[in-house]
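Here is the file model14.cif (mmCIF, C-alpha atoms).
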data_model
loop_
_atom_site.label_atom_id
_atom_site.label_comp_id
_atom_site.auth_asym_id
_atom_site.auth_seq_id
_atom_site.Cartn_x
_atom_site.Cartn_y
_atom_site.Cartn_z
CA MET P 170 -27.47 53.64 -31.69
CA ASP P 171 -24.92 51.85 -33.85
CA SER P 172 -25.55 48.15 -34.54
CA THR P 173 -22.49 46.86 -32.63
CA LEU P 174 -23.49 48.71 -29.46
CA TYR P 175 -27.14 47.66 -29.99
CA ASP P 176 -26.19 43.97 -30.27
CA SER P 177 -23.77 44.17 -27.33
CA THR P 178 -26.40 45.80 -25.12
CA LEU P 179 -28.99 43.16 -26.08
CA SER P 180 -26.51 40.39 -25.27
CA ASP P 181 -25.76 41.93 -21.86
CA LEU P 182 -29.48 42.23 -21.09
CA LYS P 183 -30.16 38.64 -22.18
CA ASP P 184 -27.43 37.42 -19.82
CA LYS P 185 -29.15 39.16 -16.89
CA ILE P 186 -32.54 37.49 -17.43
CA LYS P 187 -33.06 34.74 -14.87
CA SER P 188 -34.61 31.42 -15.83
CA TYR P 189 -36.76 29.31 -13.51
CA PRO P 190 -37.38 25.74 -14.70
CA ASP P 191 -40.75 24.11 -13.99
CA PHE P 192 -42.52 27.37 -13.12
CA PRO P 193 -45.48 27.87 -13.05
CA LYS P 194 -45.78 24.19 -13.93
CA GLU P 195 -43.53 21.32 -14.91
CA GLY P 196 -41.99 21.66 -18.37
CA ILE P 197 -42.20 25.48 -18.49
CA ILE P 198 -39.07 27.63 -18.19
CA PHE P 199 -40.08 31.02 -16.78
CA ARG P 200 -37.93 33.90 -18.07
CA ASP P 201 -37.89 36.55 -15.34
CA ILE P 202 -37.28 40.12 -16.52
CA PHE P 203 -37.43 41.65 -13.03
CA SER P 204 -33.65 41.31 -12.65
CA ILE P 205 -33.18 43.80 -15.49
CA LEU P 206 -36.07 46.07 -14.52
CA ARG P 207 -34.75 46.70 -11.01
CA ASP P 208 -31.41 47.92 -12.40
CA PRO P 209 -31.87 51.55 -13.53
CA ALA P 210 -29.19 51.34 -16.23
CA CYS P 211 -30.71 48.14 -17.63
CA LEU P 212 -34.23 49.55 -17.56
CA LYS P 213 -33.03 52.66 -19.41
CA SER P 214 -31.30 50.41 -21.97
CA VAL P 215 -34.48 48.39 -22.49
CA ILE P 216 -36.54 51.52 -23.14
CA ASP P 217 -33.85 53.05 -25.38
CA LEU P 218 -33.56 49.81 -27.38
CA MET P 219 -37.33 49.51 -27.74
CA VAL P 220 -37.60 53.12 -28.93
CA ALA P 221 -34.76 52.52 -31.42
CA LYS P 222 -36.54 49.41 -32.73
CA ILE P 223 -39.86 51.25 -32.98
CA GLU P 224 -38.23 54.09 -34.93
CA LYS P 225 -36.38 51.67 -37.23
CA LEU P 226 -39.67 49.88 -37.99
CA LYS P 227 -41.40 53.27 -38.47
CA TRP P 228 -43.97 52.35 -35.82
CA ASN P 229 -43.48 55.62 -33.92
CA ASP P 230 -46.45 57.46 -35.49
CA VAL P 231 -49.06 56.04 -33.11
CA ASP P 232 -51.90 57.46 -31.07
CA VAL P 233 -51.97 54.85 -28.33
CA ILE P 234 -49.60 52.36 -26.73
CA VAL P 235 -51.46 49.33 -25.38
CA GLY P 236 -49.84 47.34 -22.57
CA LEU P 237 -50.84 43.83 -21.60
CA GLU P 238 -51.33 42.79 -18.00
CA SER P 239 -49.13 42.66 -16.13
CA ARG P 240 -45.52 43.24 -17.16
CA GLY P 241 -46.60 45.06 -20.32
CA PHE P 242 -47.90 47.69 -17.86
CA ILE P 243 -44.32 48.39 -16.85
CA LEU P 244 -42.93 48.99 -20.33
CA ALA P 245 -45.88 50.49 -22.23
CA PRO P 246 -46.38 53.73 -20.24
CA LEU P 247 -42.64 54.48 -20.40
CA LEU P 248 -42.74 54.05 -24.18
CA ALA P 249 -45.95 56.09 -24.44
CA VAL P 250 -44.19 59.05 -22.81
CA LYS P 251 -41.23 58.71 -25.21
CA LEU P 252 -43.54 58.52 -28.26
CA ASN P 253 -45.97 61.23 -27.09
CA ALA P 254 -48.84 58.74 -27.18
CA GLY P 255 -51.57 57.72 -24.76
CA PHE P 256 -51.45 54.52 -22.73
CA VAL P 257 -54.30 52.01 -22.54
CA PRO P 258 -54.21 48.83 -20.45
CA ILE P 259 -55.52 45.42 -21.46
CA ARG P 260 -56.50 43.61 -18.27
CA LYS P 261 -57.84 40.29 -17.14
CA LYS P 262 -61.63 40.06 -16.84
CA GLY P 263 -63.21 41.91 -13.94
CA ARG P 264 -60.39 44.37 -13.26
CA LEU P 265 -61.56 47.38 -15.29
CA PRO P 266 -64.55 49.62 -14.47
CA GLY P 267 -67.15 50.76 -16.97
CA VAL P 268 -68.30 49.10 -20.16
CA CYS P 269 -65.68 46.67 -21.40
CA LYS P 270 -65.19 44.54 -24.47
CA GLU P 271 -63.71 41.10 -23.82
CA ILE P 272 -62.12 38.16 -25.58
CA ALA P 273 -61.32 34.63 -24.37
CA TYR P 274 -58.03 32.99 -25.29
CA THR P 275 -55.87 29.97 -24.47
CA LEU P 276 -52.25 29.94 -23.33
CA GLU P 277 -49.84 27.04 -23.23
CA TYR P 278 -51.02 26.09 -19.73
CA ARG P 279 -54.40 27.82 -19.09
CA SER P 280 -57.31 29.79 -20.55
CA ASP P 281 -58.25 33.35 -19.65
CA VAL P 282 -60.29 36.39 -20.69
CA LEU P 283 -58.89 39.84 -21.51
CA GLU P 284 -60.79 43.13 -21.40
CA ILE P 285 -60.42 46.69 -22.58
CA GLN P 286 -62.62 49.66 -21.72
CA GLU P 287 -64.81 50.15 -24.77
CA ASP P 288 -64.24 53.93 -24.92
CA SER P 289 -60.43 53.77 -24.54
CA ILE P 290 -59.69 53.42 -28.27
CA SER P 291 -61.34 55.51 -30.97
CA GLN P 292 -62.13 54.15 -34.42
CA GLY P 293 -59.11 54.37 -36.71
CA GLN P 294 -56.56 55.12 -34.00
CA ARG P 295 -53.08 53.78 -34.67
CA VAL P 296 -52.07 51.41 -31.88
CA LEU P 297 -48.77 49.81 -30.89
CA VAL P 298 -49.07 46.78 -28.58
CA ILE P 299 -46.35 46.20 -25.97
CA ASP P 300 -45.74 43.14 -23.81
CA ASP P 301 -42.82 41.58 -22.01
CA LEU P 302 -42.93 38.17 -23.69
CA ILE P 303 -44.46 36.16 -26.50
CA ALA P 304 -44.62 32.39 -26.11
CA THR P 305 -47.52 30.75 -27.98
CA GLY P 306 -49.05 34.10 -28.96
CA GLY P 307 -52.34 33.51 -27.15
CA SER P 308 -52.61 36.78 -25.22
CA LEU P 309 -50.99 38.91 -27.95
CA GLY P 310 -53.20 37.39 -30.64
CA ALA P 311 -56.32 37.90 -28.52
CA THR P 312 -55.32 41.51 -27.85
CA CYS P 313 -54.98 42.25 -31.58
CA LYS P 314 -58.42 40.73 -32.26
CA LEU P 315 -59.90 42.76 -29.42
CA LEU P 316 -58.37 46.00 -30.77
CA LYS P 317 -59.48 45.29 -34.33
CA GLY P 318 -62.98 44.71 -32.95
CA LEU P 319 -62.83 48.34 -31.78
CA ASP P 320 -61.78 49.38 -35.31
CA ALA P 321 -58.26 50.31 -34.21
CA LYS P 322 -55.35 50.01 -36.63
CA VAL P 323 -52.75 47.77 -34.99
CA VAL P 324 -49.43 49.03 -36.36
CA GLY P 325 -47.46 46.24 -34.71
CA CYS P 326 -46.57 44.38 -31.53
CA LEU P 327 -43.25 44.75 -29.76
CA VAL P 328 -42.14 42.39 -27.01
CA LEU P 329 -39.01 42.33 -24.92
CA LEU P 330 -38.60 38.52 -25.08
CA GLU P 331 -39.66 35.91 -27.61
CA LEU P 332 -39.58 32.17 -27.09
CA ASP P 333 -38.96 31.56 -30.78
CA GLN P 334 -39.28 27.75 -30.73
CA LEU P 335 -42.98 28.16 -29.88
CA GLU P 336 -43.57 30.29 -33.00
CA GLY P 337 -46.14 32.43 -31.20
CA SER P 338 -45.96 35.25 -33.75
CA LYS P 339 -47.74 32.96 -36.23
CA ASN P 340 -50.80 33.24 -33.97
CA VAL P 341 -50.90 37.03 -34.10
CA ASP P 342 -52.69 38.91 -36.87
CA ALA P 343 -50.24 41.84 -36.83
CA PRO P 344 -46.49 42.28 -37.27
CA VAL P 345 -44.55 41.07 -34.21
CA GLU P 346 -41.01 42.09 -33.31
CA SER P 347 -38.89 41.24 -30.30
CA LEU P 348 -35.65 42.50 -28.81
CA ILE P 349 -34.39 39.25 -27.29
CA THR P 350 -35.05 35.66 -28.32
CA PHE P 351 -34.63 32.44 -26.39
#
For the file at hand, write its structure as structure tokens.
Amino acid sequence: MDSTLYDSTLSDLKDKIKSYPDFPKEGIIFRDIFSILRDPACLKSVIDLMVAKIEKLKWNDVDVIVGLESRGFILAPLLAVKLNAGFVPIRKKGRLPGVCKEIAYTLEYRSDVLEIQEDSISQGQRVLVIDDLIATGGSLGATCKLLKGLDAKVVGCLVLLELDQLEGSKNVDAPVESLITF
């Protein structure tokens, strides 16, 4: 995809993202990606742009795509199919069966615990982490620590949206890239 078309498509997608002030609490602006996901042409553009970014960064040689609960679950499996990789979910505590490894983390307005099934990643596997948004980097940073605790090689993290004023990528021990910034 040529850079002019790439930039134009990103601009069009950014314009479609709805913003909800004071949600889920006062002072937070929630960026809602569902308006672009429900439009088939926009969803296809998002996946095509993410694949183009992954290929440009040379992150396409991966074994597993990890998606974070919950909107990362939407994007990650679609990318896994495109990259001929497996998909592994990272979920909130208590939502995965079997033996799980967990990590606690703090977000800008709450704390939580993430889990992964212990046998879902093999030692040395190359992993690409996908999520919809990075704000403070709490969940993405915790995910990378969790994966490294399983001896995975985190190639990078790709998010659809980045709230760049919060500098969340500084809290992630892996390269972080985004398509759209606010």
Can you tell me, as a PyMOL selection string, what residues are no more than 12 Å from Arg264 of chain P when counting all atoms listed in the file, ignoring any on the same chain fewer than 5 positions away?
chain P and resi 238-239+258-259+269+271+282-286
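The residues returned by the PyMOL selection byres ((chain P and resi 339-351) around 6) for this structure are Gly306, Gly310, Gly325, Cys326, Leu327, Val328, Leu329, Leu330, Glu331, Leu332, Glu336, Gly337 and Ser338 of chain P.
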Carefully work through the PyMOL selection byres ((chain P and resi 206) around 12) for this structure and note down the residues it includes, as number ranges by chain.
P: 182, 185-187, 201-205, 207-216, 240, 243-244, 301, 329
Selected residues written out, C-alpha atoms, as a compact mmCIF listing (two decimals), in the frame of the given file:
# COMPACT_ATOMS: atom_id res chain seq x y z
CA LEU P 182 -29.48 42.23 -21.09
CA LYS P 185 -29.15 39.16 -16.89
CA ILE P 186 -32.54 37.49 -17.43
CA LYS P 187 -33.06 34.74 -14.87
CA ASP P 201 -37.89 36.55 -15.34
CA ILE P 202 -37.28 40.12 -16.52
CA PHE P 203 -37.43 41.65 -13.03
CA SER P 204 -33.65 41.31 -12.65
CA ILE P 205 -33.18 43.80 -15.49
CA ARG P 207 -34.75 46.70 -11.01
CA ASP P 208 -31.41 47.92 -12.40
CA PRO P 209 -31.87 51.55 -13.53
CA ALA P 210 -29.19 51.34 -16.23
CA CYS P 211 -30.71 48.14 -17.63
CA LEU P 212 -34.23 49.55 -17.56
CA LYS P 213 -33.03 52.66 -19.41
CA SER P 214 -31.30 50.41 -21.97
CA VAL P 215 -34.48 48.39 -22.49
CA ILE P 216 -36.54 51.52 -23.14
CA ARG P 240 -45.52 43.24 -17.16
CA ILE P 243 -44.32 48.39 -16.85
CA LEU P 244 -42.93 48.99 -20.33
CA ASP P 301 -42.82 41.58 -22.01
CA LEU P 329 -39.01 42.33 -24.92
Evaluated on this file, the PyMOL selection byres ((chain P and resi 290) around 9) picks out some residues - which ones are they, written as a CSV table (one decimal) with C-alpha atoms, in the coordinates of the input?
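Result written to selection_9.csv:
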chain,number,residue,atom,x,y,z
P,233,VAL,CA,-52.0,54.8,-28.3
P,257,VAL,CA,-54.3,52.0,-22.5
P,285,ILE,CA,-60.4,46.7,-22.6
P,286,GLN,CA,-62.6,49.7,-21.7
P,287,GLU,CA,-64.8,50.2,-24.8
P,288,ASP,CA,-64.2,53.9,-24.9
P,289,SER,CA,-60.4,53.8,-24.5
P,291,SER,CA,-61.3,55.5,-31.0
P,292,GLN,CA,-62.1,54.2,-34.4
P,293,GLY,CA,-59.1,54.4,-36.7
P,294,GLN,CA,-56.6,55.1,-34.0
P,296,VAL,CA,-52.1,51.4,-31.9
P,316,LEU,CA,-58.4,46.0,-30.8
P,319,LEU,CA,-62.8,48.3,-31.8
P,320,ASP,CA,-61.8,49.4,-35.3
P,321,ALA,CA,-58.3,50.3,-34.2
How far is it from atom CA of Ser172 of chain P to atom CA of Leu218 of chain P, in Å with one decimal?
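Atom-to-atom, atom CA of Ser172 of chain P and atom CA of Leu218 of chain P are spaced 10.9 Å apart.
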What's the separation between atom CA of Cys313 of chain P and atom CA of Asp191 of chain P, in Å to one decimal place?
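Between these atoms lies a distance of 29.0 Å.
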Select all residues near (-46.0, 60.0, -27.4) (cut-off 9 Å, inclusive, file coordinates), counting all atoms listed in the file, and output them as an NGL selection string.
:P and (229-234 or 248-255)
Could you check how far atom CA of Tyr278 of chain P sits from atom CA of Phe192 of chain P, in Å to one decimal?
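Interatomic distance, atom CA of Tyr278 of chain P to atom CA of Phe192 of chain P: 10.8 Å.
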Could you check which of P:Ile223, P:Ile299, P:Leu174, P:Ala245 is closest to Thr312 of chain P, using only C-alpha atoms?
P:Ile299
In terms of the shortest atom-to-atom distance over only C-alpha atoms, which of P:Lys322, P:Lys314, P:Lys225, P:Arg279 is closest to Lys194 of chain P?
P:Arg279
